[in-house]
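*Asks:* Coordinates in query-v8.pdb, PDB, C-alpha atoms, are listed below.
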ATOM      1  CA  MET A   3     162.217 110.753  88.643  1.00  0.00           C
ATOM      2  CA  LYS A   4     164.370 109.978  85.678  1.00  0.00           C
ATOM      3  CA  LEU A   5     165.145 106.443  84.693  1.00  0.00           C
ATOM      4  CA  SER A   6     168.888 107.003  85.173  1.00  0.00           C
ATOM      5  CA  GLN A   7     168.284 107.917  88.838  1.00  0.00           C
ATOM      6  CA  ARG A   8     166.304 104.763  89.517  1.00  0.00           C
ATOM      7  CA  PRO A   9     167.904 102.645  92.293  1.00  0.00           C
ATOM      8  CA  GLY A  10     169.354  99.262  91.421  1.00  0.00           C
ATOM      9  CA  LYS A  11     167.887  95.892  92.364  1.00  0.00           C
ATOM     10  CA  GLN A  12     170.337  95.302  95.232  1.00  0.00           C
ATOM     11  CA  GLU A  13     169.584  98.731  96.740  1.00  0.00           C
ATOM     12  CA  LEU A  14     165.829  97.968  96.626  1.00  0.00           C
ATOM     13  CA  ILE A  15     166.460  94.637  98.369  1.00  0.00           C
ATOM     14  CA  ASP A  16     168.610  96.370 101.027  1.00  0.00           C
ATOM     15  CA  ARG A  17     165.832  98.902 101.683  1.00  0.00           C
ATOM     16  CA  ASN A  18     163.232  96.059 102.023  1.00  0.00           C
ATOM     17  CA  ILE A  19     161.273  97.215  98.996  1.00  0.00           C
ATOM     18  CA  LEU A  20     162.009  94.052  97.022  1.00  0.00           C
ATOM     19  CA  PHE A  21     162.276  90.698  98.726  1.00  0.00           C
ATOM     20  CA  GLN A  22     164.949  88.247  97.777  1.00  0.00           C
ATOM     21  CA  MET A  23     163.714  84.676  98.134  1.00  0.00           C
ATOM     22  CA  THR A  24     165.219  81.401  97.224  1.00  0.00           C
ATOM     23  CA  GLU A  25     163.304  79.018  95.008  1.00  0.00           C
ATOM     24  CA  ASP A  26     162.494  76.790  98.014  1.00  0.00           C
ATOM     25  CA  GLU A  27     161.148  79.756 100.040  1.00  0.00           C
ATOM     26  CA  ARG A  28     159.009  80.829  97.086  1.00  0.00           C
ATOM     27  CA  ARG A  29     157.649  77.280  96.652  1.00  0.00           C
ATOM     28  CA  LEU A  30     156.879  77.009 100.395  1.00  0.00           C
ATOM     29  CA  ASP A  31     155.153  80.411 100.355  1.00  0.00           C
ATOM     30  CA  ARG A  32     153.035  79.411  97.364  1.00  0.00           C
ATOM     31  CA  SER A  33     152.078  76.076  98.938  1.00  0.00           C
ATOM     32  CA  ILE A  34     150.921  77.894 102.108  1.00  0.00           C
ATOM     33  CA  ILE A  35     148.843  80.287 100.010  1.00  0.00           C
ATOM     34  CA  GLY A  36     147.436  77.344  98.033  1.00  0.00           C
ATOM     35  CA  ALA A  37     146.435  75.530 101.237  1.00  0.00           C
ATOM     36  CA  LYS A  38     144.655  78.686 102.480  1.00  0.00           C
ATOM     37  CA  LEU A  39     142.796  79.026  99.174  1.00  0.00           C
ATOM     38  CA  ILE A  40     141.727  75.371  99.231  1.00  0.00           C
ATOM     39  CA  ARG A  41     140.465  75.783 102.820  1.00  0.00           C
ATOM     40  CA  ARG A  42     138.528  78.891 101.831  1.00  0.00           C
ATOM     41  CA  LEU A  43     137.055  77.162  98.769  1.00  0.00           C
ATOM     42  CA  SER A  44     135.941  74.195 100.877  1.00  0.00           C
ATOM     43  CA  LEU A  45     133.968  76.592 103.099  1.00  0.00           C
ATOM     44  CA  ARG A  46     132.098  78.062 100.130  1.00  0.00           C
ATOM     45  CA  PRO A  47     128.514  76.841  99.791  1.00  0.00           C
ATOM     46  CA  THR A  48     127.798  74.527  96.910  1.00  0.00           C
ATOM     47  CA  ALA A  49     125.640  75.505  93.951  1.00  0.00           C
ATOM     48  CA  GLU A  50     122.772  73.357  95.316  1.00  0.00           C
ATOM     49  CA  GLU A  51     122.887  75.194  98.667  1.00  0.00           C
ATOM     50  CA  LEU A  52     122.849  78.535  96.863  1.00  0.00           C
ATOM     51  CA  LEU A  53     119.867  77.412  94.793  1.00  0.00           C
ATOM     52  CA  GLU A  54     118.013  76.328  97.948  1.00  0.00           C
ATOM     53  CA  ARG A  55     118.643  79.719  99.563  1.00  0.00           C
ATOM     54  CA  ASN A  56     117.483  81.543  96.387  1.00  0.00           C
ATOM     55  CA  ILE A  57     120.858  83.230  95.935  1.00  0.00           C
ATOM     56  CA  LEU A  58     121.805  81.507  92.716  1.00  0.00           C
ATOM     57  CA  LYS A  59     119.266  81.641  89.918  1.00  0.00           C
ATOM     58  CA  LYS A  60     118.716  78.311  88.210  1.00  0.00           C
ATOM     59  CA  SER A  61     117.498  79.681  84.909  1.00  0.00           C
ATOM     60  CA  SER A  62     118.606  82.074  82.233  1.00  0.00           C
ATOM     61  CA  ASP A  63     116.987  85.408  81.449  1.00  0.00           C
ATOM     62  CA  GLN A  64     115.018  83.848  78.616  1.00  0.00           C
ATOM     63  CA  GLN A  65     113.690  81.062  80.863  1.00  0.00           C
ATOM     64  CA  ARG A  66     112.698  83.600  83.548  1.00  0.00           C
ATOM     65  CA  GLN A  67     110.902  85.673  80.924  1.00  0.00           C
ATOM     66  CA  GLU A  68     109.031  82.567  79.715  1.00  0.00           C
ATOM     67  CA  GLU A  69     108.053  81.694  83.308  1.00  0.00           C
ATOM     68  CA  LYS A  70     106.808  85.246  83.813  1.00  0.00           C
ATOM     69  CA  GLU A  71     104.686  85.060  80.644  1.00  0.00           C
ATOM     70  CA  GLU A  72     103.290  81.690  81.760  1.00  0.00           C
ATOM     71  CA  LYS A  73     102.288  83.177  85.120  1.00  0.00           C
ATOM     72  CA  LYS A  74     100.623  86.097  83.312  1.00  0.00           C
ATOM     73  CA  ARG A  75      98.621  83.733  81.125  1.00  0.00           C
ATOM     74  CA  TYR A  76      97.612  81.637  84.149  1.00  0.00           C
ATOM     75  CA  LEU A  77      96.458  84.674  86.157  1.00  0.00           C
ATOM     76  CA  LEU A  78      94.566  86.138  83.196  1.00  0.00           C
ATOM     77  CA  ARG A  79      92.815  82.790  82.715  1.00  0.00           C
ATOM     78  CA  LYS A  80      91.872  82.778  86.415  1.00  0.00           C
ATOM     79  CA  LEU A  81      90.552  86.329  86.149  1.00  0.00           C
ATOM     80  CA  SER A  82      88.521  85.544  83.045  1.00  0.00           C
ATOM     81  CA  PHE A  83      86.675  82.772  84.923  1.00  0.00           C
ATOM     82  CA  ARG A  84      85.620  85.063  87.758  1.00  0.00           C
ATOM     83  CA  PRO A  85      82.075  84.419  88.940  1.00  0.00           C
ATOM     84  CA  SER A  86      79.438  86.934  87.918  1.00  0.00           C
ATOM     85  CA  VAL A  87      77.527  89.100  90.374  1.00  0.00           C
ATOM     86  CA  ASP A  88      74.389  86.972  89.905  1.00  0.00           C
ATOM     87  CA  GLU A  89      76.339  83.816  90.669  1.00  0.00           C
ATOM     88  CA  LEU A  90      77.781  85.400  93.819  1.00  0.00           C
ATOM     89  CA  LYS A  91      74.251  86.422  94.867  1.00  0.00           C
ATOM     90  CA  THR A  92      72.902  82.902  94.437  1.00  0.00           C
ATOM     91  CA  ARG A  93      75.805  81.486  96.461  1.00  0.00           C
ATOM     92  CA  LYS A  94      74.988  84.136  99.116  1.00  0.00           C
ATOM     93  CA  ILE A  95      78.516  85.549  99.061  1.00  0.00           C
ATOM     94  CA  ILE A  96      77.332  89.097  98.407  1.00  0.00           C
ATOM     95  CA  LYS A  97      74.003  90.731  99.130  1.00  0.00           C
ATOM     96  CA  PHE A  98      72.512  94.009  97.880  1.00  0.00           C
ATOM     97  CA  ASN A  99      69.535  95.885  99.230  1.00  0.00           C
ATOM     98  CA  ASP A 100      66.779  96.599  96.760  1.00  0.00           C
ATOM     99  CA  TYR A 101      66.412 100.180  97.927  1.00  0.00           C
ATOM    100  CA  ILE A 102      68.848 102.919  98.729  1.00  0.00           C
ATOM    101  CA  GLU A 103      68.220 105.930 100.910  1.00  0.00           C
ATOM    102  CA  VAL A 104      69.553 109.365  99.990  1.00  0.00           C
ATOM    103  CA  THR A 105      69.312 112.196 102.478  1.00  0.00           C
ATOM    104  CA  PRO A 106      70.345 115.776 101.913  1.00  0.00           C
ATOM    105  CA  CYS A 107      73.176 117.216 103.968  1.00  0.00           C
ATOM    106  CA  HIS A 108      74.685 120.635 104.282  1.00  0.00           C
ATOM    107  CA  GLU A 109      78.199 121.500 103.126  1.00  0.00           C
ATOM    108  CA  TYR A 110      80.799 121.677 105.859  1.00  0.00           C
ATOM    109  CA  ASP A 111      84.558 121.751 106.222  1.00  0.00           C
ATOM    110  CA  ARG A 112      85.758 118.176 106.729  1.00  0.00           C
ATOM    111  CA  ARG A 113      89.281 119.129 107.737  1.00  0.00           C
ATOM    112  CA  ALA A 114      90.049 118.294 111.356  1.00  0.00           C
ATOM    113  CA  ASP A 115      90.838 120.999 113.873  1.00  0.00           C
ATOM    114  CA  LYS A 116      94.426 120.690 115.132  1.00  0.00           C
ATOM    115  CA  PRO A 117      94.565 122.570 118.433  1.00  0.00           C
ATOM    116  CA  TRP A 118      98.095 121.386 119.240  1.00  0.00           C
ATOM    117  CA  THR A 119      99.416 123.527 116.404  1.00  0.00           C
ATOM    118  CA  ARG A 120      98.288 126.653 118.250  1.00  0.00           C
ATOM    119  CA  LEU A 121     100.072 125.841 121.525  1.00  0.00           C
ATOM    120  CA  THR A 122     102.718 128.277 122.680  1.00  0.00           C
ATOM    121  CA  PRO A 123     106.023 127.007 124.139  1.00  0.00           C
ATOM    122  CA  LYS A 124     104.783 128.060 127.583  1.00  0.00           C
ATOM    123  CA  ASP A 125     101.583 126.000 127.149  1.00  0.00           C
ATOM    124  CA  LYS A 126     103.644 122.976 126.103  1.00  0.00           C
ATOM    125  CA  ALA A 127     105.930 123.396 129.131  1.00  0.00           C
ATOM    126  CA  ASN A 128     102.882 123.578 131.441  1.00  0.00           C
ATOM    127  CA  ILE A 129     101.455 120.380 129.921  1.00  0.00           C
ATOM    128  CA  ARG A 130     104.787 118.568 130.387  1.00  0.00           C
ATOM    129  CA  LYS A 131     105.035 119.818 133.997  1.00  0.00           C
ATOM    130  CA  GLU A 132     101.486 118.663 134.758  1.00  0.00           C
ATOM    131  CA  LEU A 133     102.190 115.275 133.189  1.00  0.00           C
ATOM    132  CA  ASN A 134     105.430 114.868 135.170  1.00  0.00           C
ATOM    133  CA  ASP A 135     103.633 115.842 138.411  1.00  0.00           C
ATOM    134  CA  TYR A 136     100.919 113.278 137.715  1.00  0.00           C
ATOM    135  CA  LYS A 137     103.467 110.555 136.958  1.00  0.00           C
ATOM    136  CA  SER A 138     105.539 111.303 140.066  1.00  0.00           C
ATOM    137  CA  SER A 139     102.712 111.590 142.617  1.00  0.00           C
ATOM    138  CA  GLU A 140      99.312 110.282 141.457  1.00  0.00           C
ATOM    139  CA  MET A 141      99.991 107.510 138.941  1.00  0.00           C
ATOM    140  CA  ASP A 142     100.077 103.992 140.393  1.00  0.00           C
ATOM    141  CA  VAL A 143     103.330 102.309 139.389  1.00  0.00           C
ATOM    142  CA  HIS A 144     104.830  99.100 140.738  1.00  0.00           C
ATOM    143  CA  ASN A 145     107.890  99.811 142.889  1.00  0.00           C
ATOM    144  CA  GLU A 146     110.145  97.554 140.804  1.00  0.00           C
ATOM    145  CA  SER A 147     109.233  99.333 137.563  1.00  0.00           C
ATOM    146  CA  ARG A 148     109.236 102.906 138.865  1.00  0.00           C
ATOM    147  CA  HIS A 149     112.693 103.457 137.367  1.00  0.00           C
ATOM    148  CA  LEU A 150     111.213 102.797 133.908  1.00  0.00           C
ATOM    149  CA  THR A 151     108.760 105.710 134.110  1.00  0.00           C
ATOM    150  CA  ARG A 152     109.588 108.282 131.460  1.00  0.00           C
ATOM    151  CA  PHE A 153     109.523 111.911 132.495  1.00  0.00           C
ATOM    152  CA  HIS A 154     109.469 114.708 129.914  1.00  0.00           C
ATOM    153  CA  ARG A 155     111.927 117.563 129.893  1.00  0.00           C
ATOM    154  CA  PRO A 156     110.592 120.652 131.699  1.00  0.00           C
TER     155      PRO A 156
END
Would you mind giving the structure from this file in structure tokens?
*Replies:*
Amino acid sequence: MKLSQRPGKQELIDRNILFQMTEDERRLDRSIIGAKLIRRLSLRPTAEELLERNILKKSSDQQRQEEKEEKKRYLLRKLSFRPSVDELKTRKIIKFNDYIEVTPCHEYDRRADKPWTRLTPKDKANIRKELNDYKSSEMDVHNESRHLTRFHRP
């Protein structure tokens, strides 16, 4: 659209695109908006509340880095003063046998057999049918909880 074809201010007001307000209406509108903003700001939690809830961080990146280094030093110091194995033995915290027994064994496949992977759809349907029959006729269920019994699709 060319600038010469642009509608005038009065036409925009007539078509409700621009709003014509008096100075008093504008002041009233701004005071209402200001009151809403003040109400919203009063509902915001304070910095202390945010600190308590661990939302607001109380320190800068440098301070956090220093705290992290201090924790590292503390934990390394604790690890360096670990008791020795002999000390743990004397305090009867750990105990070792003097002898070990080694027996020969033959090599075998340690992978588990998974028979359910070889079931056909018909076998699965028969298992579900048998399970449903058991649940509906043989299984003891309290009358008030019978409606909670889960049956499998046939």
*Asks:* Might you pull out every residue within 12 Å of range 97-110 of chain A, with all atoms listed in the file counted and same-chain residues fewer than 5 positions away left off, and present them as a short mmCIF file (atom, residue, chain, number, x, y, z; two decimals) with C-alpha atoms, keeping the file's coordinate frame?
*Replies:*
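Result file selection-v3.cif:
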data_model
loop_
_atom_site.label_atom_id
_atom_site.label_comp_id
_atom_site.auth_asym_id
_atom_site.auth_seq_id
_atom_site.Cartn_x
_atom_site.Cartn_y
_atom_site.Cartn_z
CA VAL A 87 77.53 89.10 90.37
CA ASP A 88 74.39 86.97 89.90
CA GLU A 89 76.34 83.82 90.67
CA LEU A 90 77.78 85.40 93.82
CA LYS A 91 74.25 86.42 94.87
CA THR A 92 72.90 82.90 94.44
#
*Asks:* What is the distance, in Å and to one decimal place, between CA of Gln65 in chain A and CA of Ser82 in chain A?
*Replies:*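 Going from CA of Gln65 in chain A over to CA of Ser82 in chain A, I get 25.7 Å.
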*Asks:* Using CA of Asn134 in chain A and CA of Thr151 in chain A as the two end points, give the distance in Å to one decimal.
*Replies:*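 Atom-to-atom, CA of Asn134 in chain A to CA of Thr151 in chain A, that is 9.8 Å.
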*Asks:* Report, in Å with one decimal, the straight-line distance from CA of Leu30 in chain A to CA of Leu14 in chain A.
*Replies:*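 CA of Leu30 in chain A sits 23.1 Å away from CA of Leu14 in chain A.
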*Asks:* Do a neighbour search on Ile129 in chain A at 12 Å with only C-alpha atoms, toss out local chain neighbours closer than 5 positions, and write the hits as a PDB file with C-alpha atoms, keeping the file's coordinate frame.
*Replies:*
ATOM      1  CA  TRP A 118      98.095 121.386 119.240  1.00  0.00           C
ATOM      2  CA  LEU A 121     100.072 125.841 121.525  1.00  0.00           C
ATOM      3  CA  THR A 122     102.718 128.277 122.680  1.00  0.00           C
ATOM      4  CA  PRO A 123     106.023 127.007 124.139  1.00  0.00           C
ATOM      5  CA  LYS A 124     104.783 128.060 127.583  1.00  0.00           C
ATOM      6  CA  ASN A 134     105.430 114.868 135.170  1.00  0.00           C
ATOM      7  CA  ASP A 135     103.633 115.842 138.411  1.00  0.00           C
ATOM      8  CA  TYR A 136     100.919 113.278 137.715  1.00  0.00           C
ATOM      9  CA  PHE A 153     109.523 111.911 132.495  1.00  0.00           C
ATOM     10  CA  HIS A 154     109.469 114.708 129.914  1.00  0.00           C
ATOM     11  CA  ARG A 155     111.927 117.563 129.893  1.00  0.00           C
ATOM     12  CA  PRO A 156     110.592 120.652 131.699  1.00  0.00           C
TER      13      PRO A 156
END
*Asks:* Using only the atoms of range 70-73 of chain A listed in the file, plus 3 Å on each side, state the axis-aligned box centre and edge lengths in Å rounded to one decimal, as lines of an AutoDock Vina configuration file.
*Replies:*
center_x = 104.5
center_y = 83.5
center_z = 82.9
size_x = 10.5
size_y = 9.6
size_z = 10.5
*Asks:* Could you rebuild range 103-129 of chain A with N, CA and C atoms and give it back as a compact mmCIF listing (two decimals), in the coordinates of the input?
*Replies:*
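To be explicit, this is the file written out as part_36.txt:
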# COMPACT_ATOMS: atom_id res chain seq x y z
N GLU A 103 68.77 104.73 100.30
CA GLU A 103 68.22 105.93 100.91
C GLU A 103 69.20 107.07 100.73
N VAL A 104 68.73 108.18 100.21
CA VAL A 104 69.55 109.36 99.99
C VAL A 104 68.97 110.49 100.82
N THR A 105 69.78 111.08 101.66
CA THR A 105 69.31 112.20 102.48
C THR A 105 70.18 113.41 102.19
N PRO A 106 69.55 114.57 102.17
CA PRO A 106 70.34 115.78 101.91
C PRO A 106 71.20 116.14 103.13
N CYS A 107 72.32 116.75 102.88
CA CYS A 107 73.18 117.22 103.97
C CYS A 107 73.78 118.55 103.57
N HIS A 108 74.12 119.32 104.58
CA HIS A 108 74.68 120.64 104.28
C HIS A 108 76.20 120.52 104.10
N GLU A 109 76.75 121.48 103.36
CA GLU A 109 78.20 121.50 103.13
C GLU A 109 78.92 121.92 104.41
N TYR A 110 80.00 121.26 104.72
CA TYR A 110 80.80 121.68 105.86
C TYR A 110 82.26 121.32 105.60
N ASP A 111 83.12 121.98 106.36
CA ASP A 111 84.56 121.75 106.22
C ASP A 111 84.92 120.45 106.91
N ARG A 112 85.46 119.49 106.17
CA ARG A 112 85.76 118.18 106.73
C ARG A 112 87.18 118.08 107.31
N ARG A 113 87.93 119.17 107.17
CA ARG A 113 89.28 119.13 107.74
C ARG A 113 89.21 119.17 109.26
N ALA A 114 90.06 118.38 109.90
CA ALA A 114 90.05 118.29 111.36
C ALA A 114 90.73 119.51 111.96
N ASP A 115 90.22 119.91 113.13
CA ASP A 115 90.84 121.00 113.87
C ASP A 115 92.07 120.44 114.58
N LYS A 116 93.18 121.15 114.51
CA LYS A 116 94.43 120.69 115.13
C LYS A 116 94.83 121.69 116.20
N PRO A 117 94.29 121.57 117.40
CA PRO A 117 94.56 122.57 118.43
C PRO A 117 96.03 122.56 118.90
N TRP A 118 96.71 121.43 118.77
CA TRP A 118 98.10 121.39 119.24
C TRP A 118 99.02 122.27 118.41
N THR A 119 98.58 122.65 117.22
CA THR A 119 99.42 123.53 116.40
C THR A 119 99.38 124.97 116.90
N ARG A 120 98.40 125.29 117.73
CA ARG A 120 98.29 126.65 118.25
C ARG A 120 98.87 126.81 119.64
N LEU A 121 99.50 125.76 120.17
CA LEU A 121 100.07 125.84 121.52
C LEU A 121 101.35 126.67 121.52
N THR A 122 101.49 127.50 122.53
CA THR A 122 102.72 128.28 122.68
C THR A 122 103.74 127.42 123.42
N PRO A 123 105.02 127.77 123.38
CA PRO A 123 106.02 127.01 124.14
C PRO A 123 105.71 126.97 125.63
N LYS A 124 105.13 128.03 126.16
CA LYS A 124 104.78 128.06 127.58
C LYS A 124 103.67 127.06 127.88
N ASP A 125 102.66 126.98 126.97
CA ASP A 125 101.58 126.00 127.15
C ASP A 125 102.14 124.58 127.13
N LYS A 126 103.04 124.31 126.19
CA LYS A 126 103.64 122.98 126.10
C LYS A 126 104.42 122.64 127.37
N ALA A 127 105.16 123.62 127.90
CA ALA A 127 105.93 123.40 129.13
C ALA A 127 104.99 123.11 130.29
N ASN A 128 103.86 123.82 130.36
CA ASN A 128 102.88 123.58 131.44
C ASN A 128 102.29 122.18 131.34
N ILE A 129 102.00 121.73 130.12
CA ILE A 129 101.46 120.38 129.92
C ILE A 129 102.48 119.34 130.37
